[in-house]
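> Attaching a single structure in structure tokens format; questions to follow.
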Amino acid sequence: MRQTHASIERVTRITADLARVEVATDFAPGSIRPGQYLLVRLRPAWEPYLRERWTPVRFAGGLMLIDRPGDDVLMPGDTVDILGPCGKPFPLRPGAERFLLIVQNTSLTPLIALIEETTGAGKSATVVLEGEAQRYPPGELPREVEILHAPQAWGWLDQVDAIKWADQIIALAPPHRALERYAQLWSTINQLRAPAPAGFALGYFNLPAPCGVGACGACLVPGKHGDICACTDGPALDLAEISF
Amino acid sequence: MRQTHASIERVTRITADLARVEVATDFAPGSIRPGQYLLVRLRPAWEPYLRERWTPVRFAGGLMLIDRPGDDVLMPGDTVDILGPCGKPFPLRPGAERFLLIVQNTSLTPLIALIEETTGAGKSATVVLEGEAQRYPPGELPREVEILHAPQAWGWLDQVDAIKWADQIIALAPPHRALERYAQLWSTINQLRAPAPAGFALGYFNLPAPCGVGACGACLVPGKHGDICACTDGPALDLAEISF
Amino acid sequence: MIEIAPGGKRPLTLHNPTMPAAGTFGFGGEYGALVPIDRLGAVVTNPVTWTPRKPAKGPRVVPVTGGVLVHTGLANPGMRAVIRQYRAIWAASPAPVIVHVVATGPEDVYRCCEALDREEAISGVELGLHDQATARDIADTLAAAQSATQLPLIVRLPLFSAADLAGTAEQAGAHALTIAAPPRGTVRDPASGELVGGRLYGPWIKALALRAVGQAAVRVKVPVIGSGGIHSRQDARDYIDAAGAAAVQVDAGMWVQPDLIKAVANELGGLDRTRMAGSLSDEWTSEFGQDE
Amino acid sequence: MIEIAPGGKRPLTLHNPTMPAAGTFGFGGEYGALVPIDRLGAVVTNPVTWTPRKPAKGPRVVPVTGGVLVHTGLANPGMRAVIRQYRAIWAASPAPVIVHVVATGPEDVYRCCEALDREEAISGVELGLHDQATARDIADTLAAAQSATQLPLIVRLPLFSAADLAGTAEQAGAHALTIAAPPRGTVRDPASGELVGGRLYGPWIKALALRAVGQAAVRVKVPVIGSGGIHSRQDARDYIDAAGAAAVQVDAGMWVQPDLIKAVANELGGLDRTRMAGSLSDEWTSEFGQDE
Ligand SMILES: Cc1cc2nc3c(=O)[nH]c(=O)nc-3n(C[C@H](O)[C@H](O)[C@H](O)COP(=O)(O)OP(=O)(O)OC[C@H]3O[C@@H](n4cnc5c(N)ncnc54)[C@H](O)[C@@H]3O)c2cc1C
Ligand SMILES: Cc1cc2nc3c(=O)[nH]c(=O)nc-3n(C[C@H](O)[C@H](O)[C@H](O)COP(=O)(O)OP(=O)(O)OC[C@H]3O[C@@H](n4cnc5c(N)ncnc54)[C@H](O)[C@@H]3O)c2cc1C
Ligand SMILES: Cc1cc2nc3c(=O)[nH]c(=O)nc-3n(C[C@H](O)[C@H](O)[C@H](O)COP(=O)(O)O)c2cc1C
Ligand SMILES: Cc1cc2nc3c(=O)[nH]c(=O)nc-3n(C[C@H](O)[C@H](O)[C@H](O)COP(=O)(O)O)c2cc1C
Ligand code: FES
Ligand code: FES
């Protein structure tokens with residue numbers, strides 16, 4: 001992790017509430033792995049106070065691409081202050097070929113880099129979008145990805161045999177509901193495929209990160225073997241390790 | 001006084017630290033008299049907290065022209081929330097023809113409307129700029145106005161016979177020094193032309209105005225006959241009425 | 001409808017639980033052009049002392065992040081002059097008038113309350129305590145006020161000791177409590193470089209005051225008026241629904257957005273309280289947030 | 001150079017008056033990649049309790065205007081586990097390590113201090129009091145700590161009562177005082193709609209804490225460590241030059257701008273104090289800003 005500056009090169013609105021920001025940085029492509037994130041201070045004021053989480057979508061033409069709320073805060077020419085890379089890459093299971101990604105009522109932005117990398121490597125990714133997550137523009141995703149729309153929380157899981165064919169499940173729920181939702185998911189998974197192997201199901205904890213270095217204790221997730229620091233050990237955590 | 005909205009039509013930088021803002025408002029030209037001001041909330045956030053004081057420079061082409069620090073906060077298309085007009089016009093002496101305006105270490109923006117009106121009416125205005133005030137671009141002032149540069153606080157006043165020929169003196173000092181500076185000015189004037197007649201010398205109190213309606217008590221100036229509310233009775237106050 | 005001192009000789013009924021905080025609204029008429037005063041439950045005046053006070057010297061308004069420090073010096077021409085000057089405005093006020101009396105000492109409080117007691121147009125007195133006020137100060141202040149007037153007496157408690165002193169004030173005879181006065185702080189004025197001490201205002205005060213109201217409201221039966229940092233209708237609702245306040249005072253937010261107090265009055269206007277004064281909603285427990 | 005407990009068996013010398021506040025910096029190594037720890041006067045650890053504590057449930061981080069509320073639940077694996085886990089890091093620490101012990105009760109404090117007393121790598125103990133701590137609580141806490149260890153004992157006082165309790169803590173044997181712990185408040189989390197109680201952080205806290213430090217520093221002779229809302233070098237200077245603090249703790253500002261603590265350490269690094277601990281600069285008078 002290091003602290004650096006970056007400059008905003010272009011801001012393009014891709015939906016009414018989402019903007020694609022192109023950022024010139026000294027991070028090399030590949031130096032921020034899928035799952036890792038940056039903590040970004042948009043301007044040298046104390047409002048907003050905390051840094052914003054950025055999960056790069058991809059690098060293109062030497063620029064880092066970021067999706068963020070389309071609220072006109074950033075303008076080309078602006079300089080932002082970046083801490084990163086923060087956290088650990090998705091702990092993918094060795095040999096996993098078929099990924100089931102489930103996004104509930106939040107933007108799938110944090111998963112896009114993973115989707116691109118897995119489909120790019122010829123692996124299969126099925127993305128299930130629930131609620132708000134369905135607002136993400138499908139045209140922004142690789143063509144190879146299969147997109148399903150699901151009506152409500154994990155309810156469909158026992159209807160499909162996804163749990164049987166998937167090599168790994170990765171879930172993303174809004175930060176304030178994450179623990180509760182992942183608990184439901186984990187219990188459903190264990191009913192359908194008990195006992196689920198270690199590392200089979202990951203939950204992405206997109207929690208507010210005051211410090212991002214494991215210092216403030218605001219992002220601790222109760223673990224079976226001591227508390228887990230979501231900002232440094234996550235954001236993606238093995239649901240088998242969590243003490244729900 | 002009323003509350004209304006206005007939209008920013010154009011922002012032009014006129015010096016490194018000063019921008020000219022053109023604002024479309026429902027205030028009619030002439031409805032804000034020289035000396036009066038507006039309290040403006042730039043955006044619906046609570047930072048910055050207080051409203052900003054705007055003293056219109058003039059109306060042109062149906063737009064209101066404002067000078068403000070050139071810090072890129074405002075963009076064409078922005079909407080601002082306005083309270084106004086606040087305060088009273090400059091209490092000009094009936095029949096006064098020759099005005100001496102003295103600006104110390106602050107921008108002369110609040111006096112420009114007055115300068116334009118007096119010179120437009122064929123009266124004479126001499127502007128003495130001290131310290132920081134000399135940074136104001138002279139090209140922005142009417143050609144008829146006489147501009148003098150003075151080195152230091154009122155020191156020059158006894159060198160010139162301005163006090164004898166002027167029908168009215170109007171002074172502008174930075175808010176946090178205003179009372180102290182006007183006290184010095186008033187004492188100098190009274191040494192040179194004692195007793196100075198009522199209404200002869202005005203001080204402009206460009207004080208922070210939390211409320212602008214006389215409610216919060218933050219802008220009271222000690223007066224000889226009770227405290228004077230600079231936000232509603234000023235900003236320009238008769239120095240003869242002040243209890244220094 | 002809120003009743004203050006319902007058993008007393010001059011009970012005060014607030015038809016809306018919304019009022020301005022002392023020091024933010026002037027003496028009654030100042031906001032007339034911008035605020036529909038008839039929708040407010042009451043108007044609370046700026047602080048008044050028995051003896052006249054001059055404006056503070058030096059910087060008096062210093063912006064801080066998301067707020068402002070204000071140091072007025074409690075300038076006012078003294079109670080007798082205030083009454084002379086504003087009597088006619090109060091008589092014509094479309095909302096009940098509560099005069100904020102600065103508790104500079106029992107004798108001054110006695111004189112102020114005695115003078116106010118003679119004014120038909122006055123509906124209540126709010127007593128402002130200093131930050132270090134002790135239980136004894138509160139008892140002395142209320143005893144002085146009670147011996148001078150039958151008007152309802154509201155005590156405004158300092159933020160830092162509100163929860164501790166609420167019970168004391170109730171026992172000493174306060175008919176209602178305002179919690180809390182804005183806290184004092186010290187900042188450096190960037191323009192002059194001087195240190196300035198004064199009261200702090202801003203949306204973040206609400207977090208501190210809401211907690212104090214929640215703690216105090218479980219301890220007393222008299223109505224608690226929640227005050228501090230209200231900058232939205234939801235902020236006002238939180239005082240009433242979550243912390244157990246009976247009414248609210250809107251403070252500096254109104255300076256920036258004069259519409260605010262109207263919005264709050266409309267929001268709370270339909271709200272008849274469904275609980276006893278001082279009782280709590282389900283959300284609040286006494287250990288709330290204590291353990292980090 | 002600041003001396004804490006200079007007459008004691010294990011005096012603590014701070015070579016720079018800058019340290020992080022408990023709860024913001026982890027247990028020693030977390031900020032290693034971003035902060036030159038060797039420039040700091042000391043490292044103060046996150047709060048530790050004798051018995052393990054789990055993270056708080058529900059929202060724990062809620063932004064407010066110009067700041068943030070954080071509610072951690074004081075999660076920690078308990079003193080024995082903390083010592084096992086961090087002993088090696090402390091031994092290698094380039095700055096003295098002060099462990100923050102939560103004063104959950106005299107027995108727990110005794111056990112924590114006894115355990116820490118055996119650790120060579122520990123240079124001091126900071127005792128964190130709860131918000132409602134009384135003079136009696138302070139005396140009991142310090143008595144327990146003193147009977148368990150010869151380490152310098154720093155007492156962190158709550159913001160709201162710091163000025164009142166500073167003298168008490170000094171008399172009870174505190175070797176230094178940290179003023180103040182961040183205040184508690186209650187906010188509504190916009191994402192979940194829930195009320196959340198926790199500690200508040202932001203630049204505006206400085207105005208409140210600076211005042212408390214100024215008031216306390218006139219009353220005690222032991223060094224006062226100013227803490228609360230430092231977000232610039234000037235903020236830190238104000239604690240020392242204007243309010244009479246001997247040292248400072250940087251808190252949440254560092255989360256947003258990790259450079260901050262380095263900037264403060266550089267700013268204060270050359271600064272040998274020219275006054276006695278607790279004495280005041282010319283700017284501060286005891287009535288400062290009291291009268292509005
Ligand atoms: C109360 C609360 C406070 C939080 N505060 C912080 C904080 O101060 N600092 C912090 O680091 N995190 C914070 N988080 C966590 C996190 O950054 C966001 O909450 C999370 O991204 C939620 O996004 P959303 O899609 O649910 O909603 P929204 O934030 O409304 O997102 C709207 C759109 O913006 C885009 N977007 C949002 N976040 C990101 C992102 N991180 N990367 C790329 N695109 C994005 C998405 O594409 C989405 O469609 C906070 C969360 C909560 C609940
Ligand atoms: C600590 C402090 C806080 C203040 N806070 C407020 C506040 O919150 N709200 C408030 O209403 N007033 C406030 N004022 C008063 C006042 O608005 C400004 O301080 C005053 O305009 C000082 O301007 P300046 O030229 O000295 O400096 P600067 O503010 O640095 O001005 C730089 C340039 O901006 C332009 N400019 C500045 N102010 C205005 C203006 N009012 N109209 C047009 N152009 C302008 C000038 O042309 C000037 O050249 C505050 C004053 C102080 C000392
Ligand atoms: C002589 C005098 C001393 C005061 N001392 C204090 C004090 O120590 N602490 C305090 O909070 N208020 C003090 N006050 C102010 C009163 O508490 C007053 O009710 C309150 O500040 C009004 O606040 P406002 O103008 O912000 O609305 C004092 C007032 C006077 C006249
Ligand atoms: C059982 C328990 C009860 C506590 N009660 C309070 C309390 O009532 N008030 C308070 O301010 N802190 C309380 N604390 C917290 C301590 O004061 C602790 O030192 C401090 O909160 C650490 O703060 P930080 O994590 O924000 O740095 C309590 C801690 C525990 C373990
Ligand atoms: S965000 Fe601070 S410990 Fe994880
Ligand atoms: S600014 Fe509020 S009274 Fe003048």
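By order in the structure tokens, chains are A, B, ...; within a chain, residues start at 1; ligands start at 1, following the order shown.
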Return as a PyMOL selection string the residues of protein, DNA or RNA that approach ligand 6 to within 7 Å, with only C-alpha atoms and all ligand atoms taken into account.

chain B and resi 208-220+229-232

> So which residues touch Gln249 in chain C within 7 Å, counting only C-alpha atoms, skipping near sequence neighbours fewer than 5 positions away, as a PyMOL selection string?

chain C and resi 18-21+225-227

> Least-squares superpose chain A onto chain B - every C-alpha atom, paired in order - and show me the moved coordinates as a compact mmCIF listing (two decimals) with C-alpha atoms, in the first residue's frame.


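Output saved as superposed_19.txt:
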# COMPACT_ATOMS: atom_id res chain seq x y z
CA MET A 1 -36.19 40.87 1.59
CA ARG A 2 -37.19 37.60 0.01
CA GLN A 3 -35.76 34.19 -0.79
CA THR A 4 -35.35 33.17 -4.39
CA HIS A 5 -33.25 31.14 -6.77
CA ALA A 6 -30.94 32.26 -9.54
CA SER A 7 -28.89 30.51 -12.16
CA ILE A 8 -25.28 31.02 -13.09
CA GLU A 9 -25.00 31.90 -16.77
CA ARG A 10 -21.30 32.59 -17.18
CA VAL A 11 -18.11 32.71 -15.11
CA THR A 12 -15.15 34.72 -16.39
CA ARG A 13 -11.86 35.00 -14.60
CA ILE A 14 -10.87 38.67 -14.55
CA THR A 15 -7.71 38.35 -12.45
CA ALA A 16 -5.87 35.41 -10.93
CA ASP A 17 -8.01 35.63 -7.80
CA LEU A 18 -11.20 37.23 -9.02
CA ALA A 19 -14.01 35.90 -11.19
CA ARG A 20 -16.90 37.80 -12.73
CA VAL A 21 -20.11 35.80 -12.39
CA GLU A 22 -23.16 36.55 -14.55
CA VAL A 23 -26.37 35.53 -12.84
CA ALA A 24 -29.92 35.25 -14.19
CA THR A 25 -32.23 36.36 -11.38
CA ASP A 26 -35.72 37.68 -10.87
CA PHE A 27 -34.34 40.80 -9.21
CA ALA A 28 -35.03 43.76 -11.44
CA PRO A 29 -32.15 46.11 -12.25
CA GLY A 30 -32.33 48.87 -9.67
CA SER A 31 -34.05 46.70 -7.06
CA ILE A 32 -30.72 46.19 -5.31
CA ARG A 33 -29.34 49.65 -4.55
CA PRO A 34 -25.63 50.44 -4.14
CA GLY A 35 -24.62 49.35 -0.65
CA GLN A 36 -27.18 46.57 -0.42
CA TYR A 37 -26.15 42.95 -0.67
CA LEU A 38 -27.42 39.41 -1.15
CA LEU A 39 -26.78 36.34 1.02
CA VAL A 40 -26.13 33.40 -1.22
CA ARG A 41 -26.06 29.67 -0.59
CA LEU A 42 -23.97 28.14 -3.34
CA ARG A 43 -25.18 24.56 -2.99
CA PRO A 44 -27.54 22.53 -0.87
CA ALA A 45 -24.76 21.22 1.39
CA TRP A 46 -23.80 22.48 4.84
CA GLU A 47 -20.19 23.13 3.89
CA PRO A 48 -19.41 25.97 3.59
CA TYR A 49 -21.98 26.64 6.27
CA LEU A 50 -22.84 30.31 6.13
CA ARG A 51 -24.19 32.14 3.15
CA GLU A 52 -21.77 34.22 1.12
CA ARG A 53 -22.23 37.98 0.71
CA TRP A 54 -22.69 39.16 -2.82
CA THR A 55 -22.68 42.85 -3.66
CA PRO A 56 -23.78 43.17 -7.27
CA VAL A 57 -21.40 45.18 -9.44
CA ARG A 58 -24.09 46.10 -11.97
CA PHE A 59 -26.87 44.67 -14.13
CA ALA A 60 -26.13 44.21 -17.82
CA GLY A 61 -28.18 42.55 -20.54
CA GLY A 62 -30.70 41.36 -17.97
CA LEU A 63 -28.01 39.62 -15.93
CA MET A 64 -26.66 40.50 -12.51
CA LEU A 65 -22.87 40.77 -12.36
CA ILE A 66 -21.02 39.60 -9.27
CA ASP A 67 -17.29 39.59 -8.44
CA ARG A 68 -16.16 36.77 -6.23
CA PRO A 69 -12.98 34.85 -5.43
CA GLY A 70 -11.88 33.01 -8.55
CA ASP A 71 -11.86 29.56 -7.06
CA ASP A 72 -13.94 27.62 -9.58
CA VAL A 73 -16.75 26.77 -7.19
CA LEU A 74 -19.44 28.08 -9.50
CA MET A 75 -20.11 26.70 -12.98
CA PRO A 76 -22.55 27.83 -15.66
CA GLY A 77 -25.81 25.98 -15.11
CA ASP A 78 -25.50 25.93 -11.33
CA THR A 79 -28.44 27.17 -9.30
CA VAL A 80 -27.90 29.24 -6.19
CA ASP A 81 -30.29 30.22 -3.40
CA ILE A 82 -30.50 33.93 -2.65
CA LEU A 83 -31.78 35.97 0.29
CA GLY A 84 -32.11 39.67 -0.38
CA PRO A 85 -31.85 42.48 -0.89
CA CYS A 86 -30.26 42.82 2.54
CA GLY A 87 -29.37 46.00 4.36
CA LYS A 88 -29.85 49.64 3.39
CA PRO A 89 -28.44 51.62 0.46
CA PHE A 90 -25.52 53.98 1.12
CA PRO A 91 -27.00 56.93 3.00
CA LEU A 92 -25.66 59.56 0.59
CA ARG A 93 -25.79 63.18 1.73
CA PRO A 94 -28.38 65.20 -0.15
CA GLY A 95 -26.62 67.36 -2.72
CA ALA A 96 -23.24 65.65 -2.34
CA GLU A 97 -21.22 65.97 -5.58
CA ARG A 98 -17.68 64.92 -4.63
CA PHE A 99 -17.11 61.51 -3.07
CA LEU A 100 -13.88 60.28 -1.55
CA LEU A 101 -13.82 56.47 -1.34
CA ILE A 102 -11.04 54.80 0.62
CA VAL A 103 -10.42 51.07 0.43
CA GLN A 104 -7.93 49.46 2.77
CA ASN A 105 -6.54 45.97 2.28
CA THR A 106 -9.71 44.46 0.89
CA SER A 107 -11.46 44.26 -2.44
CA LEU A 108 -13.35 47.38 -3.51
CA THR A 109 -16.15 45.19 -4.91
CA PRO A 110 -18.80 46.48 -2.47
CA LEU A 111 -18.19 50.07 -3.70
CA ILE A 112 -18.32 49.49 -7.44
CA ALA A 113 -22.05 49.91 -7.85
CA LEU A 114 -21.79 53.21 -5.99
CA ILE A 115 -18.88 54.38 -8.12
CA GLU A 116 -20.77 53.58 -11.29
CA GLU A 117 -23.91 55.30 -10.10
CA THR A 118 -22.21 58.49 -8.93
CA THR A 119 -19.95 58.88 -11.96
CA GLY A 120 -22.89 57.99 -14.22
CA ALA A 121 -24.83 60.85 -12.64
CA GLY A 122 -21.94 63.23 -13.42
CA LYS A 123 -20.67 63.41 -9.84
CA SER A 124 -17.00 63.01 -9.03
CA ALA A 125 -15.52 59.97 -7.30
CA THR A 126 -11.94 59.69 -6.12
CA VAL A 127 -10.92 56.21 -5.02
CA VAL A 128 -7.91 55.73 -2.77
CA LEU A 129 -6.61 52.18 -2.77
CA GLU A 130 -4.35 50.95 0.00
CA GLY A 131 -2.50 47.63 0.24
CA GLU A 132 -4.39 44.63 -1.12
CA ALA A 133 -7.05 46.92 -2.56
CA GLN A 134 -4.58 47.94 -5.27
CA ARG A 135 -4.94 44.49 -6.82
CA TYR A 136 -8.38 45.29 -8.18
CA PRO A 137 -8.11 45.62 -11.99
CA PRO A 138 -8.47 49.37 -12.76
CA GLY A 139 -9.86 48.57 -16.21
CA GLU A 140 -13.04 47.36 -14.53
CA LEU A 141 -13.83 50.84 -13.17
CA PRO A 142 -15.52 53.70 -15.10
CA ARG A 143 -13.02 55.95 -16.84
CA GLU A 144 -14.33 59.03 -15.02
CA VAL A 145 -13.17 57.79 -11.64
CA GLU A 146 -9.89 59.12 -10.26
CA ILE A 147 -7.74 56.38 -8.73
CA LEU A 148 -5.02 57.13 -6.19
CA HIS A 149 -2.67 54.68 -4.54
CA ALA A 150 -1.80 55.24 -0.93
CA PRO A 151 0.89 53.48 1.06
CA GLN A 152 -0.55 53.08 4.54
CA ALA A 153 -3.48 53.49 6.88
CA TRP A 154 -4.96 56.99 6.67
CA GLY A 155 -1.41 58.37 7.07
CA TRP A 156 -1.78 60.34 3.87
CA LEU A 157 -5.04 61.98 4.95
CA ASP A 158 -3.41 65.01 6.47
CA GLN A 159 -1.10 65.43 3.45
CA VAL A 160 -3.95 66.05 1.03
CA ASP A 161 -6.84 68.40 1.27
CA ALA A 162 -9.32 65.72 0.35
CA ILE A 163 -11.14 66.20 3.60
CA LYS A 164 -11.80 69.78 2.65
CA TRP A 165 -13.12 69.24 -0.83
CA ALA A 166 -15.01 65.96 -0.28
CA ASP A 167 -18.73 66.18 0.35
CA GLN A 168 -18.74 62.67 1.72
CA ILE A 169 -16.13 60.07 2.65
CA ILE A 170 -16.87 56.37 2.39
CA ALA A 171 -14.35 53.90 3.82
CA LEU A 172 -14.04 50.14 3.38
CA ALA A 173 -11.71 48.05 5.55
CA PRO A 174 -11.49 44.26 6.03
CA PRO A 175 -14.21 42.98 8.36
CA HIS A 176 -12.00 41.91 11.24
CA ARG A 177 -10.24 45.28 11.41
CA ALA A 178 -13.17 47.50 10.45
CA LEU A 179 -14.07 48.98 13.83
CA GLU A 180 -10.46 49.73 14.72
CA ARG A 181 -9.71 51.27 11.33
CA TYR A 182 -12.82 53.39 11.21
CA ALA A 183 -12.02 54.65 14.70
CA GLN A 184 -8.63 55.85 13.42
CA LEU A 185 -10.22 57.41 10.37
CA TRP A 186 -12.87 59.15 12.42
CA SER A 187 -10.32 60.56 14.80
CA THR A 188 -8.16 61.78 11.89
CA ILE A 189 -11.16 63.38 10.20
CA ASN A 190 -12.12 65.16 13.39
CA GLN A 191 -8.63 66.51 13.83
CA LEU A 192 -8.68 67.92 10.30
CA ARG A 193 -12.26 69.09 10.02
CA ALA A 194 -13.75 69.20 13.46
CA PRO A 195 -16.51 68.72 14.09
CA ALA A 196 -17.28 66.56 11.04
CA PRO A 197 -20.96 66.90 10.18
CA ALA A 198 -23.37 64.00 10.67
CA GLY A 199 -23.41 61.69 7.68
CA PHE A 200 -20.12 63.04 6.34
CA ALA A 201 -18.06 59.87 6.87
CA LEU A 202 -19.43 56.37 6.33
CA GLY A 203 -17.76 53.06 7.14
CA TYR A 204 -18.83 49.97 5.24
CA PHE A 205 -19.14 46.96 7.58
CA ASN A 206 -18.67 43.92 5.41
CA LEU A 207 -19.09 41.65 8.42
CA PRO A 208 -19.93 37.96 8.28
CA ALA A 209 -23.72 37.83 8.41
CA PRO A 210 -25.03 34.54 9.81
CA CYS A 211 -28.67 35.64 9.47
CA GLY A 212 -28.81 38.96 7.62
CA VAL A 213 -32.17 39.86 9.17
CA GLY A 214 -31.10 41.26 12.54
CA ALA A 215 -31.87 38.08 14.45
CA CYS A 216 -28.58 36.55 15.52
CA GLY A 217 -26.82 39.56 17.02
CA ALA A 218 -23.46 38.59 15.50
CA CYS A 219 -23.04 41.84 13.56
CA LEU A 220 -23.94 44.43 16.17
CA VAL A 221 -21.79 47.55 16.14
CA PRO A 222 -21.68 49.57 19.36
CA GLY A 223 -23.61 52.80 18.74
CA LYS A 224 -23.93 56.06 20.62
CA HIS A 225 -27.68 55.51 20.92
CA GLY A 226 -27.85 51.76 21.33
CA ASP A 227 -26.20 49.06 19.30
CA ILE A 228 -26.53 49.19 15.52
CA CYS A 229 -27.28 46.10 13.48
CA ALA A 230 -24.82 46.19 10.58
CA CYS A 231 -26.70 43.60 8.54
CA THR A 232 -29.99 45.50 8.46
CA ASP A 233 -29.10 49.13 9.31
CA GLY A 234 -25.82 48.96 7.36
CA PRO A 235 -23.62 47.78 5.82
CA ALA A 236 -22.70 51.50 5.49
CA LEU A 237 -22.94 53.27 8.84
CA ASP A 238 -22.41 56.90 9.78
CA LEU A 239 -19.17 57.03 11.76
CA ALA A 240 -20.65 59.86 13.82
CA GLU A 241 -23.15 57.37 15.26
CA ILE A 242 -20.62 54.77 16.33
CA SER A 243 -19.34 54.46 19.85
CA PHE A 244 -15.70 53.55 19.20

> Residues near range 233-235 of chain D, anyone? I mean within 8 Å using only C-alpha atoms, not counting same-chain ones fewer than 5 positions away, as number ranges by chain.

D: 206, 260, 263-264, 267

> Go ahead and dump the residues you just picked, N, CA and C atoms, as a short mmCIF file (atom, residue, chain, number, x, y, z; two decimals), in the first residue's frame.


data_model
loop_
_atom_site.label_atom_id
_atom_site.label_comp_id
_atom_site.auth_asym_id
_atom_site.auth_seq_id
_atom_site.Cartn_x
_atom_site.Cartn_y
_atom_site.Cartn_z
N LYS D 206 -12.24 19.83 17.46
CA LYS D 206 -11.10 20.56 18.02
C LYS D 206 -11.54 21.77 18.83
N LEU D 260 -0.77 13.31 7.80
CA LEU D 260 -1.02 14.34 8.80
C LEU D 260 -0.15 14.18 10.03
N ALA D 263 3.32 15.32 9.40
CA ALA D 263 3.39 16.78 9.33
C ALA D 263 3.36 17.39 10.72
N VAL D 264 2.50 16.85 11.57
CA VAL D 264 2.42 17.37 12.94
C VAL D 264 3.71 17.10 13.69
N GLU D 267 6.28 19.48 12.55
CA GLU D 267 5.97 20.82 13.03
C GLU D 267 6.37 20.99 14.49
#

> Which residues sit within 7 Å of ligand 3, counting only C-alpha atoms and all ligand atoms, listed as a VMD selection string?

(chain C and resid 21 to 24 46 to 47 49 72 74 101 to 104 127 to 132 158 181 to 182 184 199) or (chain D and resid 290 to 292)

> Please determine the contact residues of chain D with respect to chain B at a cut-off of 12 Å, counting only C-alpha atoms, and supply them as an MDAnalysis selection string.

chainID D and resid 64:67 292

> Please identify all residues of chain C having at least one atom at most 9 Å from any atom of chain D, considering only C-alpha atoms, and return them as a PyMOL selection string.

chain C and resi 56+64-67+69-75+130-131+159-161+183-188+194-200+202-212+235+238+242+283-284+288-292
